[in-house]
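Here is data.cif, consisting of mmCIF, C-alpha atoms:
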```
data_structure
#
loop_
_atom_site.label_atom_id
_atom_site.label_comp_id
_atom_site.auth_asym_id
_atom_site.auth_seq_id
_atom_site.Cartn_x
_atom_site.Cartn_y
_atom_site.Cartn_z
CA CYS C 672 -24.85 59.16 37.69
CA SER C 673 -25.14 55.66 36.31
CA THR C 674 -25.64 57.01 32.79
CA SER C 675 -22.68 59.37 33.19
CA ARG C 676 -20.48 56.52 34.45
CA THR C 677 -21.51 54.31 31.55
CA THR C 678 -20.73 57.08 29.10
CA HIS C 679 -17.29 57.62 30.64
CA GLU C 680 -16.62 53.88 30.55
CA GLN C 681 -17.59 53.69 26.89
CA MET C 682 -15.37 56.67 26.09
CA ALA C 683 -12.50 55.01 27.95
CA LEU C 684 -13.05 51.77 26.05
CA HIS C 685 -13.11 53.62 22.74
CA ALA C 686 -9.90 55.44 23.67
CA LEU C 687 -8.25 52.16 24.66
CA ALA C 688 -9.34 50.53 21.41
CA ALA C 689 -8.03 53.47 19.40
CA ALA C 690 -4.71 53.29 21.26
CA ARG C 691 -4.44 49.58 20.49
CA VAL C 692 -5.13 50.18 16.80
CA MET C 693 -2.50 52.91 16.71
CA ALA C 694 0.00 50.65 18.49
CA MET C 695 -0.68 47.86 16.00
CA LYS C 696 -0.16 50.25 13.09
CA LEU C 697 3.09 51.52 14.54
CA SER C 698 4.24 47.96 15.24
CA SER C 699 3.27 46.89 11.73
CA SER C 700 5.11 49.88 10.28
CA SER C 701 8.17 49.13 12.40
CA ASN C 702 8.16 45.45 11.42
CA ALA C 703 7.75 46.31 7.76
CA LEU C 704 10.70 48.68 8.00
CA LYS C 705 12.73 46.01 9.75
CA ARG C 706 11.81 43.41 7.16
CA ARG C 707 12.87 45.73 4.39
CA ALA C 708 16.19 46.65 6.00
CA GLY C 709 19.25 45.50 4.13
CA GLY C 710 23.00 45.71 4.07
CA LEU C 711 25.89 46.14 1.68
CA VAL C 712 28.91 43.90 2.21
CA ALA C 713 32.43 43.67 0.77
CA VAL C 714 34.61 40.63 1.49
CA VAL C 715 38.29 41.39 0.94
CA TYR C 716 40.56 38.34 0.60
CA VAL C 717 44.25 39.00 1.20
CA SER C 718 47.13 36.60 0.62
CA GLN C 719 48.39 36.57 4.19
CA GLY C 720 47.36 34.31 7.03
CA LYS C 721 50.54 32.90 8.54
CA ASP C 722 52.04 36.14 9.85
CA ALA C 723 49.81 37.06 12.79
CA ASP C 724 51.45 40.45 13.26
CA ALA C 725 50.87 41.39 9.63
CA VAL C 726 47.22 40.36 9.83
CA ASN C 727 46.83 42.30 13.08
CA VAL C 728 48.04 45.44 11.31
CA LEU C 729 45.56 44.89 8.48
CA GLU C 730 42.73 44.36 10.96
CA THR C 731 43.66 47.58 12.78
CA VAL C 732 43.66 49.50 9.51
CA ALA C 733 40.27 48.04 8.61
CA GLU C 734 38.80 48.95 12.01
CA LYS C 735 40.08 52.54 11.81
CA ALA C 736 38.84 52.99 8.24
CA CYS C 737 35.41 51.64 9.14
CA GLN C 738 35.19 53.88 12.19
CA GLN C 739 36.12 56.88 10.05
CA HIS C 740 33.58 56.14 7.32
CA GLY C 741 30.68 54.81 9.39
CA THR C 742 30.98 51.18 8.31
CA ARG C 743 31.80 48.02 10.28
CA VAL C 744 34.21 45.10 10.32
CA LEU C 745 31.75 42.24 10.56
CA ASN C 746 34.10 39.27 10.46
CA VAL C 747 37.77 38.37 10.06
CA PHE C 748 38.54 34.78 9.05
CA ARG C 749 42.22 33.91 9.38
CA ASP C 750 43.35 30.70 7.69
CA GLY C 751 46.97 30.05 8.53
CA GLU C 752 47.09 26.77 6.62
CA TYR C 753 45.96 28.46 3.41
CA ASN C 754 47.98 31.62 4.18
CA ARG C 755 44.88 33.66 3.49
CA THR C 756 42.53 35.97 5.42
CA GLY C 757 39.04 37.18 4.57
CA PHE C 758 37.86 40.56 5.93
CA THR C 759 34.12 41.17 5.78
CA LEU C 760 33.18 44.86 5.87
CA GLY C 761 29.59 46.11 5.80
CA VAL C 762 27.16 48.97 6.12
CA GLY C 763 23.41 49.11 6.66
CA VAL C 764 21.06 50.16 3.87
CA ALA C 765 17.51 51.42 4.32
CA SER C 766 15.54 50.01 1.41
CA VAL C 767 12.20 51.66 2.11
CA ALA C 768 10.12 52.76 -0.88
CA GLY C 769 10.78 56.37 -1.72
CA HIS C 770 14.05 56.47 0.23
CA ALA C 771 16.96 58.06 -1.62
CA THR C 772 19.50 55.63 -3.03
CA PRO C 773 22.29 55.36 -0.46
CA SER C 774 25.89 56.12 -1.35
CA VAL C 775 28.41 53.31 -1.73
CA GLU C 776 31.22 55.73 -0.92
CA PRO C 777 31.64 54.86 2.81
CA LEU C 778 32.12 51.14 2.15
CA LYS C 779 34.22 51.83 -0.94
CA GLN C 780 36.62 54.01 1.09
CA SER C 781 36.82 51.43 3.89
CA ALA C 782 37.63 48.56 1.53
CA LEU C 783 40.05 50.75 -0.43
CA ALA C 784 42.02 51.61 2.73
CA LEU C 785 42.35 47.92 3.64
CA THR C 786 43.34 47.00 0.09
CA GLU C 787 45.98 49.73 -0.04
CA GLN C 788 47.56 48.59 3.22
CA ALA C 789 47.57 44.95 2.09
CA LEU C 790 49.31 45.87 -1.17
CA LYS C 791 51.94 47.78 0.81
CA THR C 792 52.74 44.85 3.08
CA ILE C 793 52.30 41.75 0.89
CA ASP C 794 54.69 40.86 -1.94
CA LEU C 795 53.25 38.01 -3.98
CA ARG C 796 56.76 37.02 -5.10
CA ASN C 797 57.46 35.92 -1.51
CA HIS C 798 54.11 34.23 -0.94
CA SER C 799 53.36 30.50 -0.94
CA ALA C 800 50.19 28.61 -0.06
CA THR C 801 48.21 25.42 -0.61
CA HIS C 802 45.24 27.54 -1.71
CA PRO C 803 45.24 29.13 -5.17
CA ARG C 804 45.61 32.90 -5.46
CA CYS C 805 46.32 35.40 -8.22
CA GLY C 806 47.14 38.54 -6.26
CA ALA C 807 48.34 40.03 -2.99
CA VAL C 808 44.72 41.08 -2.62
CA ASP C 809 43.32 38.09 -4.42
CA HIS C 810 39.60 38.73 -4.60
CA ILE C 811 36.91 41.16 -3.43
CA SER C 812 33.27 40.11 -3.53
CA CYS C 813 30.43 42.62 -3.08
CA HIS C 814 26.97 41.57 -1.93
CA ALA C 815 23.60 43.11 -1.19
CA VAL C 816 22.06 41.28 1.78
CA GLY C 817 18.55 41.39 3.16
CA ASP C 818 16.39 43.64 1.03
CA ALA C 819 19.14 45.88 -0.30
CA PRO C 820 19.02 46.09 -4.12
CA ASP C 821 21.52 44.00 -6.08
CA ASP C 822 22.47 46.92 -8.30
CA LEU C 823 23.92 48.64 -5.24
CA ALA C 824 26.47 45.82 -4.93
CA ALA C 825 27.31 46.17 -8.63
CA GLN C 826 27.77 49.91 -8.18
CA LEU C 827 30.08 49.33 -5.21
CA ALA C 828 32.16 46.82 -7.17
CA LYS C 829 32.64 49.16 -10.11
CA CYS C 830 33.44 52.20 -7.96
CA LEU C 831 35.88 50.19 -5.86
CA GLY C 832 37.46 48.64 -8.95
CA GLU C 833 37.99 52.05 -10.48
CA GLY C 834 39.61 53.32 -7.28
CA ILE C 835 41.94 50.34 -7.01
CA GLY C 836 42.90 50.39 -10.68
CA ASP C 837 43.47 54.14 -10.95
CA ARG C 838 44.97 54.82 -7.54
CA LEU C 839 46.77 51.59 -6.67
CA LYS C 840 47.73 50.56 -10.22
CA VAL C 841 46.55 46.96 -9.96
CA PRO C 842 44.77 45.19 -12.84
CA VAL C 843 41.13 44.73 -11.82
CA LEU C 844 38.90 42.17 -13.54
CA LEU C 845 35.15 42.47 -12.98
CA TYR C 846 32.66 39.62 -12.78
CA GLY C 847 29.02 38.91 -12.01
CA LEU C 848 26.61 41.83 -11.82
CA ALA C 849 29.53 44.27 -12.17
CA SER C 850 30.64 42.81 -15.50
CA SER C 851 29.23 44.35 -18.67
CA THR C 852 29.44 40.93 -20.35
CA GLY C 853 28.15 38.85 -17.42
CA THR C 854 31.49 37.10 -16.93
CA GLN C 855 31.49 34.86 -13.85
CA LEU C 856 34.27 34.47 -11.31
CA ALA C 857 34.94 30.85 -12.26
CA ASP C 858 35.34 31.92 -15.91
CA LEU C 859 37.97 34.51 -15.00
CA ARG C 860 39.80 32.06 -12.80
CA ARG C 861 40.01 29.43 -15.51
CA LYS C 862 40.99 31.98 -18.16
CA TYR C 863 43.84 33.45 -16.13
CA GLY C 864 45.32 30.30 -14.63
CA TYR C 865 44.05 30.64 -11.08
CA PHE C 866 43.82 26.87 -10.56
CA ARG C 867 47.16 26.06 -12.21
CA ARG C 868 49.63 24.88 -9.57
CA THR C 869 53.02 26.56 -9.67
CA SER C 870 54.85 24.49 -7.03
CA GLN C 871 54.98 20.75 -6.47
CA ASP C 872 55.76 21.27 -2.79
CA VAL C 873 53.04 23.68 -1.64
CA GLY C 874 50.80 24.21 -4.66
CA TRP C 875 51.14 27.94 -5.35
CA SER C 876 54.28 29.98 -4.92
CA GLY C 877 55.73 33.25 -6.20
CA ALA C 878 54.34 35.76 -8.66
CA HIS C 879 51.21 34.88 -10.59
CA ARG C 880 52.10 34.38 -14.26
CA VAL C 881 49.72 34.60 -17.18
CA GLY C 882 50.94 33.95 -20.73
CA ASP C 883 52.65 37.11 -21.91
CA GLY C 884 51.95 38.89 -18.63
CA GLN C 885 48.94 40.81 -19.99
CA VAL C 886 45.28 40.74 -18.98
CA GLU C 887 42.12 42.40 -20.27
CA ALA C 888 41.67 44.63 -17.25
CA ASP C 889 38.45 46.55 -16.63
CA TYR C 890 40.42 49.03 -14.52
CA GLY C 891 44.11 49.66 -13.98
CA PRO C 892 47.04 48.49 -16.07
CA SER C 893 46.94 45.52 -18.45
CA THR C 894 50.46 44.45 -17.47
CA ILE C 895 50.56 42.32 -14.31
CA PRO C 896 52.83 43.74 -11.57
CA PRO C 897 54.73 40.73 -10.15
CA GLU C 898 54.53 42.03 -6.57
CA SER C 899 50.76 42.58 -6.54
CA GLY C 900 49.36 40.27 -9.22
CA ILE C 901 45.77 40.76 -10.35
CA LEU C 902 42.55 41.36 -8.44
CA MET C 903 39.21 39.78 -9.34
CA LEU C 904 36.30 41.88 -8.12
CA GLY C 905 32.60 41.38 -8.59
CA ALA C 906 29.05 41.47 -7.30
CA THR C 907 26.71 38.53 -6.73
CA ARG C 908 24.06 37.45 -4.28
CA TRP C 909 25.53 36.04 -1.09
CA VAL C 910 27.79 33.00 -1.54
CA CYS C 911 28.32 30.54 1.32
CA ASN C 912 31.86 29.13 1.64
CA TYR C 913 31.77 25.66 3.17
CA ASN C 914 34.87 23.51 3.66
CA VAL C 915 34.89 19.81 4.55
CA PRO C 916 38.11 18.31 6.03
CA ILE C 917 39.08 14.81 4.89
CA VAL C 918 41.61 13.12 7.19
CA LEU C 919 43.70 10.30 5.76
CA GLY C 920 43.86 7.13 7.85
CA LYS C 921 47.03 5.22 8.68
CA CYS C 922 47.15 3.59 5.27
CA GLY C 923 46.67 7.01 3.73
CA VAL C 924 49.61 8.49 5.62
CA ASP C 925 51.94 5.90 4.12
CA ALA C 926 50.40 6.21 0.68
CA ASP C 927 51.47 8.63 -1.99
CA ALA C 928 49.92 11.95 -0.99
CA ALA C 929 49.77 13.00 -4.63
CA ASP C 930 47.62 9.96 -5.46
CA ALA C 931 45.25 10.73 -2.59
CA LEU C 932 44.92 14.34 -3.69
CA ALA C 933 44.26 13.26 -7.28
CA VAL C 934 41.39 11.04 -6.16
CA ALA C 935 40.02 13.79 -3.93
CA ARG C 936 40.07 16.20 -6.87
CA ARG C 937 38.13 13.73 -8.99
CA LEU C 938 35.51 13.41 -6.26
CA ALA C 939 35.34 17.18 -5.84
CA ARG C 940 34.58 17.48 -9.55
CA GLN C 941 31.77 14.96 -9.13
CA LEU C 942 30.41 17.05 -6.27
CA SER C 943 30.39 20.24 -8.40
CA GLU C 944 27.48 21.23 -10.61
CA ARG C 945 29.95 21.54 -13.50
CA GLY C 946 30.81 17.86 -13.04
CA GLY C 947 27.17 16.75 -12.86
CA GLY C 948 26.84 17.06 -9.10
CA LEU C 949 24.87 19.30 -6.77
CA PRO C 950 23.20 22.44 -8.16
CA GLY C 951 24.97 25.72 -7.52
CA VAL C 952 28.03 24.05 -5.99
CA GLN C 953 31.62 24.73 -6.99
CA ALA C 954 34.22 22.53 -5.29
CA MET C 955 37.94 21.86 -5.32
CA ALA C 956 40.15 19.57 -3.24
CA LEU C 957 43.23 21.10 -1.60
CA THR C 958 45.95 19.95 0.75
CA HIS C 959 45.14 21.67 4.01
CA MET C 960 47.50 20.32 6.65
CA ILE C 961 50.27 17.76 7.03
CA ASP C 962 51.63 16.99 10.49
CA ALA C 963 52.75 14.10 12.68
CA MET C 964 49.16 12.87 12.93
CA GLY C 965 48.80 12.53 9.19
CA SER C 966 47.48 14.49 6.24
CA THR C 967 44.27 16.49 5.81
CA ILE C 968 42.69 17.34 2.50
CA GLU C 969 39.83 19.82 2.32
CA VAL C 970 36.99 19.94 -0.13
CA ALA C 971 36.51 23.71 -0.40
CA CYS C 972 33.07 24.65 -1.72
CA ASN C 973 31.29 27.75 -2.95
CA LEU C 974 27.53 27.40 -2.49
CA LEU C 975 26.10 29.86 -5.01
CA ASP C 976 22.52 29.43 -3.82
CA PRO C 977 22.51 28.21 -0.19
CA SER C 978 18.71 28.24 -0.08
CA THR C 979 18.64 25.57 -2.80
CA CYS C 980 21.68 23.57 -1.78
CA GLY C 981 23.10 24.30 1.65
CA PRO C 982 25.86 22.91 3.86
CA GLU C 983 23.86 19.89 5.04
CA MET C 984 23.32 18.61 1.50
CA VAL C 985 26.98 19.18 0.65
CA GLN C 986 28.14 17.41 3.81
CA ALA C 987 25.98 14.37 3.06
CA GLU C 988 27.20 14.16 -0.54
CA VAL C 989 30.86 14.48 0.44
CA GLU C 990 30.39 11.69 2.98
CA ARG C 991 28.77 9.51 0.33
CA LEU C 992 31.40 10.13 -2.35
CA PHE C 993 34.40 9.64 -0.11
CA GLY C 994 32.76 6.74 1.71
CA GLU C 995 32.57 4.84 -1.58
CA GLU C 996 36.32 5.37 -2.12
CA GLY C 997 38.01 3.35 0.62
CA GLU C 998 41.48 3.16 -0.89
CA PHE C 999 43.05 5.71 1.44
CA GLY C 1000 41.10 4.98 4.61
CA TRP C 1001 40.02 8.58 4.96
CA THR C 1002 37.56 10.01 7.45
CA VAL C 1003 35.16 12.81 6.56
CA LYS C 1004 35.04 15.41 9.32
CA ARG C 1005 32.26 17.91 9.96
CA GLY C 1006 32.55 20.89 7.63
CA TYR C 1007 32.58 24.55 8.59
CA VAL C 1008 31.58 27.88 7.10
CA THR C 1009 34.12 30.68 6.84
CA ASN C 1010 31.81 33.65 7.31
CA LEU C 1011 28.63 34.88 8.96
CA THR C 1012 25.17 34.38 7.53
CA PRO C 1013 23.42 37.40 5.98
CA GLU C 1014 21.01 37.37 8.95
CA ASP C 1015 23.91 37.59 11.41
CA MET C 1016 25.39 40.47 9.42
CA LEU C 1017 22.15 42.41 9.37
CA GLU C 1018 21.94 42.24 13.17
CA GLN C 1019 25.25 44.15 13.34
CA LEU C 1020 24.49 46.80 10.72
CA VAL C 1021 22.91 50.18 11.30
CA PRO C 1022 21.02 51.69 8.31
CA LEU C 1023 22.59 54.64 6.55
CA ARG C 1024 20.84 57.96 7.21
#
```
Produce structure tokens that represent the structure in this file.
Amino acid sequence: CSTSRTTHEQMALHALAAARVMAMKLSSSSNALKRRAGGLVAVVYVSQGKDADAVNVLETVAEKACQQHGTRVLNVFRDGEYNRTGFTLGVGVASVAGHATPSVEPLKQSALALTEQALKTIDLRNHSATHPRCGAVDHISCHAVGDAPDDLAAQLAKCLGEGIGDRLKVPVLLYGLASSTGTQLADLRRKYGYFRRTSQDVGWSGAHRVGDGQVEADYGPSTIPPESGILMLGATRWVCNYNVPIVLGKCGVDADAADALAVARRLARQLSERGGGLPGVQAMALTHMIDAMGSTIEVACNLLDPSTCGPEMVQAEVERLFGEEGEFGWTVKRGYVTNLTPEDMLEQLVPLR
């Protein structure tokens, strides 16, 4: 009996050990799958942020389109001061070895529906803002997040660009991984007058004008429609948008606002990599708000590689640069990001099947 009991105990221990090994393998497999999960994201920037009803309609259209195509609205960032709203749409991507390449069609159709509605409701000739823009739908950026392959974002950008150009008749200019020549967004913006102010009062107002009214479009017409403008569309790794408010003190309120903005622009250039500043940082200074309490300028930054130079480094450098310029008695406020992190997005996304 003792021998039989010992044998049974040994068998039970072996079975338990085998079960533990199997559980560890399954857990390891599950974790590996989770680690390799990714997402595909499109951020659609529309030139409307002041009219809450109009933005509500756009958000409703985006939600319905995403529900129809199996994608998700991950974030909506409304900026009334800049008269601009960013819609982040996404879909999960299973990036397991041997898995078939997922289709970009669901996210393309979702972004296309939002873009079409925005073009129907926004007339650039009636638009004004303190933030630069070149179109009613100003910019669409496509990103692979997590372990999704970058070429999927490039494919999405090109398919979406073709749909917008052919169907909606808007000039589409490609950049980044979607561009056959490797053109970058900043290059397109400088080439086509994105940063050129058109109004002394607000900064940018009315139709976007470029030379003879022609562009070298990758898709759509080469002639710029005055009501819709042009759309810059590309694919890159995730870009973090980080804005730092600069509040003018009492002496600054009484000072010439144009002088204060000119100094802020000089400091923003020093902050940018192009001006010898922080790596992977693009920055510009914009008037953000003027009210009874004074004037606020924002240093609006694109962080092209947040893992190398993130918000904390930018915040510290802005505080240093503006702290050394005491002429306008300004105060550097804590900055803010305008979107989710890739990790937050992945938590919301369900892999395509």
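Interatomic distance, atom CA of His740 of chain C against atom CA of Cys813 of chain C: 17.3 Å.
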message: Can you tell me which residues surround Arg880 of chain C at a distance of at most 10 Å, considering only C-alpha atoms, apart from same-chain residues fewer than 5 positions away, and format the answer as a PyMOL selection string?
response: chain C and resi 805+863-865+867+869+885+895-897+900-901
- request: Specify as a PyMOL selection string each residue included when the PyMOL selection byres ((chain C and resi 870) around 12) is applied to this file.
  value: chain C and resi 798-803+866-869+871-879
- prompt: If you count all atoms listed in the file, which residues fall within 8 Å of Arg936 of chain C, apart from same-chain ones fewer than 4 positions away, as a ChimeraX atom specification?
  reply: /C:932,940,955-957
- prompt: What does the PyMOL selection byres ((chain C and resi 807) around 7) select in this file, as a PyMOL selection string?
  reply: chain C and resi 717-718+790+793-795+806+808-809+899-900
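Taking only C-alpha atoms into account, the polymer residues that have an atom no farther than 10 Å from (43.2, 29.9, 9.0) are Gln719, Gly720, Lys721, Phe748, Arg749, Asp750, Gly751, Glu752, Tyr753, Asn754, Arg755, Thr756, Gly757, His959 and Thr1009 of chain C.
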task: Kindly resolve the PyMOL selection byres ((chain C and resi 1016) around 12) on the present coordinates and return the residues as a PyMOL selection string.
output: chain C and resi 708-713+743-746+759-764+814-817+909+1010-1015+1017-1021
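The nearest approach to Gly836 of chain C among the residues C:Thr786, C:Pro977, C:Pro892, C:Asp822, with all atoms listed in the file taken into account, belongs to C:Pro892.
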message: Just to confirm, what's the straight-line distance from atom CA of Gly741 of chain C to atom CA of Leu827 of chain C in Å (one decimal)?
response: 15.6 Å
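Residue nearest Ala939 of chain C, chosen from C:Glu990, C:Glu787, C:Glu898, C:Asp927 and counting all atoms listed in the file: C:Glu990.
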- request: Excluding Leu859 of chain C and any residue of its chain fewer than 2 positions from it, enumerate the residues within 12 Å of it, using all atoms listed in the file, and give them as a count of residues only.
  value: 29
So which residues fall inside 6 Å of (36.1, 11.2, -2.5) if we count only C-alpha atoms? Mind giving them as a short mmCIF file (atom, residue, chain, number, x, y, z; two decimals) with C-alpha atoms, in the frame of the given file?
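Output (out_32.cif):
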```cif
data_model
loop_
_atom_site.label_atom_id
_atom_site.label_comp_id
_atom_site.auth_asym_id
_atom_site.auth_seq_id
_atom_site.Cartn_x
_atom_site.Cartn_y
_atom_site.Cartn_z
CA ALA C 935 40.02 13.79 -3.93
CA LEU C 938 35.51 13.41 -6.26
CA LEU C 992 31.40 10.13 -2.35
CA PHE C 993 34.40 9.64 -0.11
CA GLU C 996 36.32 5.37 -2.12
#
```
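For the choices C:Asp837, C:Cys972, C:Ala933, C:Pro916, the atom-to-atom distance to Lys1004 of chain C is smallest for C:Pro916 when using only C-alpha atoms.
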